[in-house]
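Input: a single structure, listed below in structure tokens.
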Amino acid sequence: MRQALPRVPKDRIAVLIGSKGATAKSIREASGCEDLFINSETGDVEVQWGNVGSYDPVKAMKLPDVIKAIGRGMAPKAAIRLFDDRHFFEMVDLRDFVGKRSNQQRRVRSRIIGSQGKVRKLIENLTDTEITIYKSTVVIIGEQEGLFAARQAIEMLAGGSEHGSVLGYLEKDRRRAKLSNRSLDTIELKSQEPVSGGFENLVPGLSEVSDRRSRRMRASQVDPEDEEAVAEMMELSEDENISWEEE
């Protein structure tokens with residue numbers, strides 16, 4: 001089966017192919033496809049899959065995101081990690097916030113990157129993600145929880161939020177995640193032995209009283225004609241005794 005994949009910008013075609021086709025080969029091996037066709041002039045990309053069962057369908061679903069991530073500036077090694085079940089892909093289009101005006105896009109890119117890339121690096125460190133900014137798009141790769149927080153931070157910056165507010169949000173989210181993970185790690189399942197005998201075992205001495213009451217109940221129901229039952233009734237239990245007094 002042959003499938004069309006996202007088109008790659010012309011300035012990213014060489015990156016997708018790699019030196020002597022090394023990147024394309026790595027993608028083929030990681031995805032399990034039979035072949036990958038890259039048009040070096042147009043940037044069109046197609047993949048050839050084998051018979052059903054010869055490849056992982058989850059990796060087949062993720063391959064378009066891998067191609068899109070590389071086409072949008074992500075380093076191939078980082079993009080290929082998307083084949084891992086724990087890693088996911090998000091893309092934020094800055095045009096949704098500032099329109100098509102290139103000067104406004106440039107301003108927002110600068111806010112996300114920060115001086116010497118410090119803001120982007122802080123977001124990556126606080127969310128355990130990798131972020132690439134390419135023209136009007138921001139590509140994020142990471143695990144699900146960090147990915148959501150990173151996207152929120154990018155959208156907040158694109159929407160005009162102050163850097164302090166965004167970093168405060170990320171630090172608060174990171175502390176919440178640590179507390180959540182810590183509480184899950186400390187949960188222990190404790191086995192409790194069932195209390196036998198019912199409610200009377202919960203009160204000291206109540207069990208003995210209940211036993212004596214049961215014996216009296218059984219004694220009152222003995223047939224006088226049944227000699228064995230009468231003899232059994234007359235036997236004293238360990239907690240019973242007979243005292244004699246003169247009137």
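By convention in this document, the chains of the structure tokens carry letters A, B, ... by their order, each chain's residues are numbered from 1, and ligands are numbered from 1 in the order they are shown.
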Open item on the list: Which residues are near Arg106 (chain A)? Cut-off 9 Å, only C-alpha atoms, ignore same chain within fewer than 5 positions. Put them as number ranges by chain.
Closed with: A: 101, 111, 135-136
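For Glu34 (chain A), the list of residues within 9 Å, based on only C-alpha atoms and with local chain neighbours fewer than 5 positions off taken out, reads A:Arg28, A:Glu29, A:Val47, A:Gln48, A:Trp49, A:Gly50.
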Just the selected residues (C-alpha atoms), exported as a compact mmCIF listing (two decimals), in the first residue's frame, please.
```txt
# COMPACT_ATOMS: atom_id res chain seq x y z
CA ARG A 28 12.39 3.37 7.21
CA GLU A 29 13.95 1.15 9.86
CA VAL A 47 5.62 5.70 1.91
CA GLN A 48 5.24 2.11 0.75
CA TRP A 49 3.81 -0.27 3.36
CA GLY A 50 3.98 -4.04 3.17
```
TODO: Calculate how many Å separate CA of Lys100 (chain A) from CA of Thr137 (chain A), rounding to one decimal.
DONE: 11.7 Å
Closest contacts (region 110-144 of chain A/region 77-91 of chain A, max 7 Å, only C-alpha atoms) as JSON lines:
```
{"residue": "A:Thr137", "atom": "CA", "partner": "A:Met91", "partner_atom": "CA", "distance": 6.7}
{"residue": "A:Val138", "atom": "CA", "partner": "A:Met91", "partner_atom": "CA", "distance": 5.5}
{"residue": "A:Val139", "atom": "CA", "partner": "A:Met91", "partner_atom": "CA", "distance": 4.5}
{"residue": "A:Ile140", "atom": "CA", "partner": "A:Glu90", "partner_atom": "CA", "distance": 5.1}
{"residue": "A:Ile141", "atom": "CA", "partner": "A:Phe89", "partner_atom": "CA", "distance": 4.9}
{"residue": "A:Gly142", "atom": "CA", "partner": "A:His87", "partner_atom": "CA", "distance": 5.0}
{"residue": "A:Glu143", "atom": "CA", "partner": "A:His87", "partner_atom": "CA", "distance": 4.6}
{"residue": "A:Gln144", "atom": "CA", "partner": "A:Phe88", "partner_atom": "CA", "distance": 6.5}
```
- [ ] Compile the contact shell of Val98 (chain A) as a VMD selection string: residues with an atom at most 10 Å away, counting only C-alpha atoms, same-chain residues fewer than 5 positions apart removed.
- [x] chain A and resid 93 103 to 108 136 158 to 159
